[in-house]
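Visitor: Data: final.tsv, TSV, C-alpha atoms and all ligand atoms.
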```
chain	number	residue	atom	x	y	z
K	94	MET	CA	-18.44	78.86	21.30
K	95	ARG	CA	-16.24	76.32	19.50
K	96	PHE	CA	-12.49	76.21	20.14
K	97	SER	CA	-9.83	75.64	17.50
K	98	LEU	CA	-6.23	75.15	18.56
K	99	ASN	CA	-3.40	76.76	16.59
K	100	VAL	CA	-0.42	74.37	16.66
K	101	ASP	CA	2.11	76.66	14.91
K	102	HIS	CA	4.14	77.06	18.10
K	103	VAL	CA	4.78	73.33	18.24
K	104	ALA	CA	6.31	73.61	14.77
K	105	VAL	CA	8.39	76.60	15.88
K	106	LEU	CA	9.91	74.50	18.66
K	107	ARG	CA	10.61	71.64	16.25
K	108	ASN	CA	12.17	73.97	13.69
K	109	ALA	CA	14.48	75.50	16.31
K	110	ARG	CA	16.64	72.35	16.10
K	111	GLN	CA	15.59	71.31	12.60
K	112	GLU	CA	14.59	67.92	13.95
K	113	MET	CA	11.38	65.87	13.88
K	114	ASN	CA	10.08	66.64	17.38
K	115	PRO	CA	7.82	67.97	18.68
K	116	ASP	CA	5.63	67.22	15.68
K	117	PRO	CA	2.70	69.63	15.13
K	118	VAL	CA	0.75	66.80	13.49
K	119	THR	CA	1.00	64.67	16.65
K	120	ALA	CA	-0.02	67.73	18.68
K	121	ALA	CA	-3.07	68.22	16.49
K	122	LEU	CA	-4.19	64.62	16.91
K	123	LEU	CA	-3.72	64.73	20.69
K	124	ALA	CA	-5.64	68.01	20.83
K	125	GLU	CA	-8.49	66.43	18.90
K	126	GLN	CA	-8.57	63.55	21.38
K	127	ALA	CA	-8.67	66.11	24.19
K	128	GLY	CA	-11.77	67.69	22.64
K	129	VAL	CA	-10.87	70.66	20.42
K	130	ASP	CA	-13.27	71.49	17.61
K	131	GLY	CA	-10.63	72.28	15.03
K	132	ILE	CA	-6.95	72.71	14.21
K	133	VAL	CA	-5.39	75.90	12.86
K	134	VAL	CA	-2.03	76.31	11.12
K	135	HIS	CA	-0.48	79.24	9.30
K	136	LEU	CA	1.51	78.27	6.21
K	137	ARG	CA	3.70	81.34	5.89
K	138	GLU	CA	5.64	82.26	2.77
K	139	ASP	CA	8.86	81.85	4.79
K	140	ARG	CA	7.64	78.50	6.26
K	141	ARG	CA	8.57	79.76	9.71
K	142	HIS	CA	6.28	77.29	11.40
K	143	VAL	CA	4.41	74.52	9.58
K	144	ASN	CA	5.55	73.31	6.17
K	145	GLU	CA	3.76	71.59	3.32
K	146	ARG	CA	4.44	68.13	4.73
K	147	ASP	CA	2.65	69.13	7.96
K	148	LEU	CA	-0.25	70.65	6.06
K	149	ARG	CA	-0.78	67.62	3.82
K	150	LEU	CA	-0.59	65.19	6.76
K	151	LEU	CA	-2.99	67.34	8.75
K	152	ARG	CA	-5.42	67.33	5.82
K	153	GLU	CA	-5.32	63.53	5.81
K	154	LEU	CA	-5.54	63.03	9.56
K	155	VAL	CA	-7.57	65.85	11.10
K	156	THR	CA	-11.14	64.71	11.57
K	157	THR	CA	-12.57	67.86	13.17
K	158	LYS	CA	-11.91	70.90	10.99
K	159	LEU	CA	-8.72	72.21	9.40
K	160	ASP	CA	-8.34	75.99	9.23
K	161	MET	CA	-5.38	77.18	7.16
K	162	GLU	CA	-4.22	80.73	7.77
K	163	MET	CA	-2.39	82.28	4.84
K	164	ALA	CA	-1.56	85.45	2.93
K	165	ALA	CA	-3.31	86.18	-0.36
K	166	VAL	CA	-0.33	85.25	-2.55
K	167	GLN	CA	-0.58	82.97	-5.56
K	168	GLU	CA	1.98	80.35	-4.44
K	169	ILE	CA	0.05	79.70	-1.23
K	170	ILE	CA	-3.38	79.99	-2.88
K	171	ASP	CA	-2.32	77.17	-5.27
K	172	ILE	CA	-1.29	74.99	-2.31
K	173	ALA	CA	-4.58	75.68	-0.53
K	174	CYS	CA	-6.63	74.82	-3.64
K	175	ASP	CA	-4.72	71.54	-3.87
K	176	VAL	CA	-4.84	70.58	-0.17
K	177	LYS	CA	-8.42	71.82	0.38
K	178	PRO	CA	-8.59	72.75	4.08
K	179	ASP	CA	-12.10	73.18	5.46
K	180	LEU	CA	-11.51	76.89	5.93
K	181	VAL	CA	-8.89	79.37	4.74
K	182	THR	CA	-8.36	82.41	6.95
K	183	LEU	CA	-6.70	85.21	5.00
K	184	VAL	CA	-4.28	87.24	7.12
K	185	PRO	CA	-1.77	90.00	6.40
K	186	GLU	CA	1.82	88.78	6.46
K	187	LYS	CA	5.00	90.75	7.02
K	188	ARG	CA	8.43	89.15	7.02
K	189	GLN	CA	9.71	90.90	10.14
K	190	GLU	CA	6.69	90.44	12.42
K	191	LEU	CA	6.87	88.12	15.44
K	192	THR	CA	3.24	87.14	14.91
K	193	THR	CA	0.28	88.45	12.89
K	194	GLU	CA	0.06	92.04	14.06
K	195	GLY	CA	-3.48	93.01	13.13
K	196	GLY	CA	-6.34	92.55	10.76
K	197	ILE	CA	-6.11	92.67	6.99
K	198	ASN	CA	-6.96	95.99	5.28
K	199	VAL	CA	-10.02	94.84	3.33
K	200	ILE	CA	-10.87	98.25	1.91
K	201	ASP	CA	-7.46	98.92	0.31
K	202	ASN	CA	-7.01	95.31	-0.86
K	203	SER	CA	-10.56	94.49	-1.91
K	204	LYS	CA	-9.71	93.59	-5.53
K	205	LEU	CA	-6.94	91.13	-4.59
K	206	LEU	CA	-9.01	89.66	-1.78
K	207	LYS	CA	-12.08	89.26	-3.96
K	208	GLU	CA	-10.00	87.43	-6.61
K	209	THR	CA	-8.49	85.20	-3.92
K	210	ILE	CA	-11.91	84.40	-2.44
K	211	THR	CA	-13.23	83.54	-5.91
K	212	GLN	CA	-10.33	81.13	-6.50
K	213	LEU	CA	-10.80	79.46	-3.11
K	214	HIS	CA	-14.55	79.18	-3.57
K	215	GLY	CA	-13.82	77.60	-6.96
K	216	SER	CA	-12.07	74.82	-5.03
K	217	GLU	CA	-15.02	74.61	-2.61
K	218	ILE	CA	-13.08	76.09	0.29
K	219	GLU	CA	-14.84	78.42	2.72
K	220	VAL	CA	-13.04	81.67	3.45
K	221	SER	CA	-12.62	83.85	6.51
K	222	LEU	CA	-10.99	87.30	6.64
K	223	PHE	CA	-9.00	88.27	9.73
K	224	ILE	CA	-10.07	91.87	10.37
K	225	GLU	CA	-10.39	94.56	13.01
K	226	PRO	CA	-13.80	94.99	14.67
K	227	ASP	CA	-14.57	97.96	12.48
K	228	ILE	CA	-17.95	98.44	10.76
K	229	ASP	CA	-16.51	99.67	7.43
K	230	SER	CA	-14.14	96.70	7.23
K	231	ILE	CA	-16.96	94.29	8.07
K	232	GLU	CA	-19.13	95.76	5.31
K	233	ALA	CA	-16.24	95.59	2.83
K	234	ALA	CA	-15.68	91.95	3.82
K	235	ALA	CA	-19.33	91.08	3.20
K	236	GLU	CA	-19.25	92.85	-0.17
K	237	ILE	CA	-16.44	90.64	-1.44
K	238	GLU	CA	-18.41	87.57	-0.35
K	239	THR	CA	-16.33	86.12	2.43
K	240	ASP	CA	-18.12	83.38	4.38
K	241	PHE	CA	-16.67	84.30	7.78
K	242	ILE	CA	-14.74	87.07	9.42
K	243	GLU	CA	-12.28	86.42	12.22
K	244	ILE	CA	-12.24	89.40	14.54
K	245	HIS	CA	-8.75	90.42	15.71
K	246	THR	CA	-8.85	90.32	19.52
K	247	GLY	CA	-5.25	91.49	20.07
K	248	VAL	CA	-6.25	95.01	21.13
K	249	PHE	CA	-8.70	93.58	23.67
K	250	ALA	CA	-6.09	91.09	24.91
K	251	ASN	CA	-3.31	93.68	25.25
K	252	ALA	CA	-5.44	96.47	26.75
K	253	SER	CA	-3.55	98.24	29.51
K	254	SER	CA	-6.61	99.24	31.53
K	255	GLU	CA	-10.03	97.81	32.28
K	256	GLU	CA	-11.56	100.82	30.55
K	257	GLU	CA	-9.62	100.18	27.34
K	258	GLN	CA	-10.54	96.51	27.52
K	259	PHE	CA	-14.21	97.33	28.00
K	260	ASP	CA	-14.20	99.82	25.09
K	261	GLU	CA	-12.66	97.25	22.77
K	262	LEU	CA	-15.08	94.57	23.92
K	263	GLU	CA	-17.94	96.92	23.08
K	264	LYS	CA	-16.47	97.50	19.60
K	265	ILE	CA	-16.23	93.74	19.12
K	266	ARG	CA	-19.82	93.28	20.34
K	267	LEU	CA	-21.11	95.81	17.79
K	268	GLY	CA	-18.93	94.27	15.07
K	269	ILE	CA	-20.35	90.80	15.73
K	270	LYS	CA	-23.91	92.14	15.63
K	271	HIS	CA	-23.28	93.89	12.32
K	272	ALA	CA	-21.54	90.89	10.77
K	273	LYS	CA	-24.37	88.59	11.78
K	274	LYS	CA	-26.89	90.99	10.26
K	275	LEU	CA	-24.95	90.75	6.99
K	276	GLY	CA	-25.10	86.94	7.18
K	277	LEU	CA	-21.44	86.34	8.00
K	278	GLY	CA	-20.04	83.66	10.30
K	279	VAL	CA	-17.93	85.17	13.09
K	280	ASN	CA	-14.72	83.74	14.52
K	281	ALA	CA	-12.29	85.55	16.82
K	282	GLY	CA	-8.71	85.23	17.92
K	283	HIS	CA	-5.32	86.53	18.89
K	284	GLY	CA	-3.98	86.91	22.40
K	285	LEU	CA	-6.87	85.08	24.07
K	286	ASP	CA	-5.73	83.29	27.23
K	287	TYR	CA	-6.95	81.54	30.39
K	288	ASN	CA	-7.73	84.88	32.06
K	289	ASN	CA	-9.22	87.10	29.41
K	290	ILE	CA	-11.34	84.29	27.97
K	291	LYS	CA	-13.53	84.50	31.10
K	292	ILE	CA	-14.70	87.98	30.03
K	293	PHE	CA	-14.52	87.32	26.31
K	294	LYS	CA	-16.75	84.26	26.31
K	295	GLU	CA	-19.68	86.38	27.51
K	296	LEU	CA	-19.93	87.74	23.97
K	297	LYS	CA	-22.77	86.08	22.17
K	298	ASP	CA	-22.82	84.85	18.60
K	299	ILE	CA	-19.15	84.02	18.15
K	300	ASP	CA	-18.94	80.79	16.21
K	301	GLU	CA	-15.37	79.92	17.13
K	302	VAL	CA	-12.25	81.15	18.94
K	303	SER	CA	-8.79	80.38	17.59
K	304	ILE	CA	-6.16	80.13	20.33
K	305	GLY	CA	-2.49	79.16	20.09
K	306	GLN	CA	0.17	80.72	22.28
K	307	ALA	CA	-1.57	80.49	25.68
K	308	VAL	CA	-2.52	76.83	25.34
K	309	ILE	CA	0.78	75.62	23.87
K	310	ALA	CA	2.71	77.57	26.55
K	311	ARG	CA	0.58	75.98	29.28
K	312	ALA	CA	1.04	72.56	27.70
K	313	VAL	CA	4.79	72.77	28.35
K	314	PHE	CA	4.01	72.58	32.08
K	315	VAL	CA	0.83	70.52	32.37
K	316	GLY	CA	0.71	68.55	29.12
K	317	LEU	CA	-1.34	69.23	26.01
K	318	LYS	CA	-4.43	67.26	27.05
K	319	GLU	CA	-4.74	69.10	30.37
K	320	ALA	CA	-4.02	72.50	28.77
K	321	VAL	CA	-6.71	71.94	26.12
K	322	GLN	CA	-9.25	70.66	28.62
K	323	GLU	CA	-8.68	73.57	31.02
K	324	MET	CA	-9.55	75.94	28.16
K	325	ILE	CA	-12.60	73.88	27.19
K	326	ARG	CA	-13.80	73.95	30.81
K	327	LEU	CA	-13.45	77.74	30.89
K	328	LEU	CA	-15.32	78.13	27.61
K	329	ASN	CA	-18.16	75.92	28.86
K	330	SER	CA	-18.39	77.11	32.46
K	401	LIG	N1	-5.94	84.05	14.73
K	401	LIG	C1	-5.02	84.48	13.83
K	401	LIG	C2	-5.48	84.99	12.51
K	401	LIG	C3	-3.64	84.42	14.13
K	401	LIG	O1	-2.75	84.85	13.24
K	401	LIG	C4	-3.24	83.90	15.38
K	401	LIG	C5	-1.79	83.82	15.71
K	401	LIG	O2	-1.17	82.85	14.98
K	401	LIG	C6	-4.24	83.46	16.26
K	401	LIG	C7	-5.58	83.56	15.92
K	401	LIG	C8	-3.89	82.87	17.59
K	401	LIG	O3	-3.28	83.83	18.39
K	401	LIG	P1	-2.56	83.41	19.73
K	401	LIG	O4	-1.40	82.53	19.36
K	401	LIG	O5	-2.15	84.71	20.32
K	401	LIG	O6	-3.58	82.68	20.55
```
Using structure tokens, write down the structure that the file contains.
Ligand code: PXP

Guide:
Amino acid sequence: MRFSLNVDHVAVLRNARQEMNPDPVTAALLAEQAGVDGIVVHLREDRRHVNERDLRLLRELVTTKLDMEMAAVQEIIDIACDVKPDLVTLVPEKRQELTTEGGINVIDNSKLLKETITQLHGSEIEVSLFIEPDIDSIEAAAEIETDFIEIHTGVFANASSEEEQFDELEKIRLGIKHAKKLGLGVNAGHGLDYNNIKIFKELKDIDEVSIGQAVIARAVFVGLKEAVQEMIRLLNS
């Protein structure tokens, strides 16, 4: 299971004082040296975390894989087609949310998403759709020719009982199986941390996990290299 680090929270800290530090680009390069398989950033319409300068520098400097999360809106699609990240992950975006709150509704938005995927494919960018582990959504995602899905793991991560966690894990397991049968790549993310990853990593056939909050929070105390390597050790143990 590969591990991509989301460095948005480094940008949030920088933006709090509207200064240069800490720089998410520096964080990305240090994380690569520590062994991550990819870097993730979300260019939001409100530029709450990374901005275009960060994105363009990351495109130049990241040597692993750059995954750009974004909403399916034309302004951001144009930027993506110009910058050409290795992967675009399409997510829903609401102005008032603290973080992405759930998967995208593929069924209700299939026309817009299909047009967006066609544009991104036209610029030779692979596309992933951030969705719930739900069979109908997975089928709808395959129909509009996404390359990957990213399964939303927030419900699993926030489960209030072991039973709820187990039920959600089972849903995710079935979702992965179905997606693989349809020929899709499968990523996963949201709310994964140093504890729940021990259970989560037992799932087979996940290509990559995308983790941000837990690792950046830990990095404040132990440093980014150590925080990244602790997660890598857990994923490989
Ligand atoms: N995947 C997606 C699509 C996300 O929006 C986020 C949050 O930015 C993550 C993964 C990472 O979630 P977390 O910060 O909770 O690890």

Visitor: Env of K:Asp171: 12 Å cut, atoms = all atoms listed in the file, seq-sep filter 2 positions within chain, self excluded. Answer as a PyMOL selection string.

Guide: chain K and resi 145+163-169+173-177+209+212-213+215-216

Visitor: Measuring between only C-alpha atoms and all ligand atoms, which one of K:His283, K:Arg141, K:Arg146, K:Lys318 shows the shortest distance to ligand LIG 401 (chain K)?

Guide: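 That would be K:His283, the residue with the smallest distance to ligand LIG 401 (chain K).
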
Visitor: Which is closer to ligand LIG 401 (chain K) than all the others in K:Val129, K:Ala120, K:Ile224, K:Leu206, using only C-alpha atoms and all ligand atoms?

Guide: K:Ile224

Visitor: Using only C-alpha atoms, find the one residue out of K:Val134, K:Ile242, K:Val313, K:Ile170 that sits nearest to K:Leu98.

Guide: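 Ranking K:Val134, K:Ile242, K:Val313, K:Ile170 by distance to K:Leu98, first place goes to K:Val134.
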
Visitor: To one decimal in Å, tell me the separation between atom CA of K:Ile299 and atom CA of K:Pro117.

Guide: 26.3 Å

Visitor: Rounded to one decimal, what separation in Å do you get between atom CA of K:Asp227 and atom N1 of ligand LIG 401 (chain K)?

Guide: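 So the answer is 16.5 Å.
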
Visitor: Please return the centre and edge lengths, in Å to one decimal, of a box with edges along x, y and z that contains all listed atoms of ligand LIG 401 (chain K), widened by 5 Å on every side, as JSON.

Guide:
```
{"center_x": -3.6, "center_y": 83.8, "center_z": 16.5, "size_x": 14.8, "size_y": 12.5, "size_z": 18.0}
```

Visitor: Can you work out the spacing between atom CA of K:Ile292 and atom CA of K:Val308 in Å, to one decimal?

Guide: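 Between atom CA of K:Ile292 and atom CA of K:Val308 the gap is 17.2 Å.
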
Visitor: Please write out the residues within 6 Å of ligand LIG 401 (chain K) as JSON, numbers by chain, counting only C-alpha atoms and all ligand atoms.

Guide: {"K": [184, 193, 223, 282, 283, 284, 285, 303, 304, 305, 306, 307]}

Visitor: For K:Gly268, please output as a list of chain:residue names all residues within 9 Å (counting only C-alpha atoms; exclusion window: fewer than 5 positions along the same chain).

Guide: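 Returned residues: K:Glu225, K:Pro226, K:Asp227, K:Ile228, K:Ile231, K:Ile244, K:Glu263, K:Lys273.
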
Visitor: Can you pull out every residue within 12 Å of K:Ile325, counting all atoms listed in the file, but drop anything in the same chain fewer than 5 positions away, and send it as an MDAnalysis selection string?

Guide: chainID K and resid 94:98 124:125 127:130 286:287 290:291 294 302 304 308 318:320 330

Visitor: Leaving out K:Lys158 and any residue of its chain fewer than 6 positions from it, which residues lie within 7 Å of it when counting all atoms listed in the file, given as a compact mmCIF listing (two decimals) with C-alpha atoms, in the coordinates of the input?

Guide:
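Dumped to out37.txt:
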```
# COMPACT_ATOMS: atom_id res chain seq x y z
CA ASP K 130 -13.27 71.49 17.61
CA GLY K 131 -10.63 72.28 15.03
CA ILE K 132 -6.95 72.71 14.21
CA ASP K 179 -12.10 73.18 5.46
```
